[in-house]
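> Here it is: the structure, laid out below.
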Amino acid sequence: GDTLYWAESTRAHRVNRLQLSAKSARTAADPGVGRPAVSVRRPWASRQTAMGGLGEADGELQDPQDLCLHGDELYVAEWGNHRISVFDKTSLAFLRHIGCGDEDGSEGGEGGSGPGQLDQPCGVACAGEEVFVCDTWNHRISVFDRSSGAFLRSFGRRGGEPGEFNYPCGIEIAHGRIYVTERTGKRLQALSLEGEPLQVLPAPCDGWLYGICLDAHDQLWVTSSNRHCVHILSVADPNADATR
């Protein structure tokens, strides 16, 4: 697309949107007779806006960690407020919250471990009408209804077996499968949408895995926070015709 979104966690506590030009165009500047043409690159960015700011009120953020675009909505995982905040992707107007932290159901404060409660969520992804959240300090994936925010289910617990997690941080969905990165677990797991473990990939270089993103070419980009590098993995469509 022509729009870039990113989260600023430390100090800023906001989400930025950068409107890009349709493409990076090169134009030839006329240097004068007998001189070689000079190539000039036009700037990418045409407009930048931001929303958020430190706080617990509607539209405010605390330590946003991850973003997900789905339809006309932008989902933001808030580590500090233990919730997912939902905004209109165009106007950036606040729409609603999903999940909460405290036992009394309020946002902000301490994280919770009950059904539908979150404790420092670091990742969010959507599939159909469901929102999948890396409930990082509860070592599980929590699933909510996208429209109502109702809690639907969770899967996983702390551990090192397939389907268990050690600080799940990043989540992405491709071809009906969930891909989850683990920080201290140091691995990438592939699971079904119901949480059935399908594949486990240990992290290269024994690194802590954090952010994850799927590009238009079915490649997963995975960050290693302590190794200061990015790993790129190809994702196969399990439903594709293997004979092609």
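Every chain in the structure tokens takes a letter, A first, then B, and so on in the order presented; its residues are numbered from 1, and the ligands are numbered from 1 following the presented order.
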Among range 30-216 of chain A, which residues carry a DSSP assignment of strand (DSSP E), reported as a PyMOL selection string?

chain A and resi 38-41+45-52+64-70+73-78+83-88+94-98+123-127+130-135+140-145+151-155+168-174+177-182+187-192+197-202+209-214

> Do you know which residues are at most 7 Å from Phe155 in chain A counting only C-alpha atoms, after dropping those on the same chain fewer than 6 positions away, and could you put them as an MDAnalysis selection string?

chainID A and resid 140:142 195

> Let's have the selection written as an mmCIF file, in the first residue's frame, with C-alpha atoms.


data_model
loop_
_atom_site.group_PDB
_atom_site.id
_atom_site.type_symbol
_atom_site.label_atom_id
_atom_site.label_comp_id
_atom_site.auth_asym_id
_atom_site.auth_seq_id
_atom_site.Cartn_x
_atom_site.Cartn_y
_atom_site.Cartn_z
ATOM 1 C CA ARG A 140 -0.631 -17.863 26.009
ATOM 2 C CA ILE A 141 -2.609 -16.708 22.988
ATOM 3 C CA SER A 142 -5.975 -15.133 23.776
ATOM 4 C CA GLY A 195 -3.937 -23.683 18.782
#

> Within 7 Å of range 80-84 of chain A, counting only C-alpha atoms, which residues qualify if same-chain residues fewer than 4 places away don't, as a list in words?

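Skipping anything fewer than 4 positions along the chain leaves Glu56, Gln62, Asp63, Tyr75, Val76, His97, Ile98, Gly99, Cys100, Gly101, Glu107, Gly108, Gly109, Gly111, Leu118, Asp119, Gln120 and Pro121 of chain A.
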
> Excluding Arg11 in chain A and any residue of its chain fewer than 5 positions from it, enumerate the residues within 12 Å of it, using only C-alpha atoms, and give them as number ranges by chain.

A: 52-55, 61-64

> Could you take the residues named above and write them with N, CA and C atoms, as a PDB file, in the first residue's frame?


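After the write, part.pdb holds the following:
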ATOM      1  N   GLY A  52      -2.403   9.185  19.932  1.00  0.00           N
ATOM      2  CA  GLY A  52      -2.038   8.534  21.171  1.00  0.00           C
ATOM      3  C   GLY A  52      -1.550   9.526  22.199  1.00  0.00           C
ATOM      4  N   GLY A  53      -0.472   9.184  22.881  1.00  0.00           N
ATOM      5  CA  GLY A  53       0.022   9.955  24.009  1.00  0.00           C
ATOM      6  C   GLY A  53      -0.171   9.158  25.285  1.00  0.00           C
ATOM      7  N   LEU A  54       0.718   9.317  26.230  1.00  0.00           N
ATOM      8  CA  LEU A  54       0.723   8.501  27.439  1.00  0.00           C
ATOM      9  C   LEU A  54      -0.551   8.706  28.251  1.00  0.00           C
ATOM     10  N   GLY A  55      -1.206   7.589  28.597  1.00  0.00           N
ATOM     11  CA  GLY A  55      -2.397   7.663  29.422  1.00  0.00           C
ATOM     12  C   GLY A  55      -3.219   6.393  29.339  1.00  0.00           C
ATOM     13  N   LEU A  61      -2.407   5.862  24.913  1.00  0.00           N
ATOM     14  CA  LEU A  61      -1.645   4.625  24.819  1.00  0.00           C
ATOM     15  C   LEU A  61      -0.565   4.590  25.886  1.00  0.00           C
ATOM     16  N   GLN A  62      -0.167   3.365  26.219  1.00  0.00           N
ATOM     17  CA  GLN A  62       0.986   3.178  27.095  1.00  0.00           C
ATOM     18  C   GLN A  62       1.801   2.009  26.576  1.00  0.00           C
ATOM     19  N   ASP A  63       2.981   2.317  26.087  1.00  0.00           N
ATOM     20  CA  ASP A  63       3.904   1.313  25.542  1.00  0.00           C
ATOM     21  C   ASP A  63       3.269   0.469  24.431  1.00  0.00           C
ATOM     22  N   PRO A  64       2.811   1.087  23.343  1.00  0.00           N
ATOM     23  CA  PRO A  64       2.296   0.284  22.220  1.00  0.00           C
ATOM     24  C   PRO A  64       3.417  -0.547  21.599  1.00  0.00           C
TER      25      PRO A  64
END

> Give me the residues within 12 Å of range 227-239 of chain A as a count of residues only, counting only C-alpha atoms and dropping any in the same chain fewer than 6 places off.

37

> Pick out the closest residue to Arg153 in chain A from this set: A:Gly170, A:Gly71, A:Pro115, A:Pro197. Count only C-alpha atoms.

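Among the listed residues, the smallest separation from Arg153 in chain A belongs to A:Pro115.
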
> Pick the closest to Glu8 in chain A from A:Ala125, A:Ala240, A:Ala57, A:Leu67: which is it, counting only C-alpha atoms?

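Closest to Glu8 in chain A, using only C-alpha atoms: A:Leu67.
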
> So which one's closest to Arg17 in chain A, A:Val143, A:Leu4, A:Cys68, A:Val133? Using only C-alpha atoms, please.

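Under the stated criterion, the closest residue is A:Leu4.
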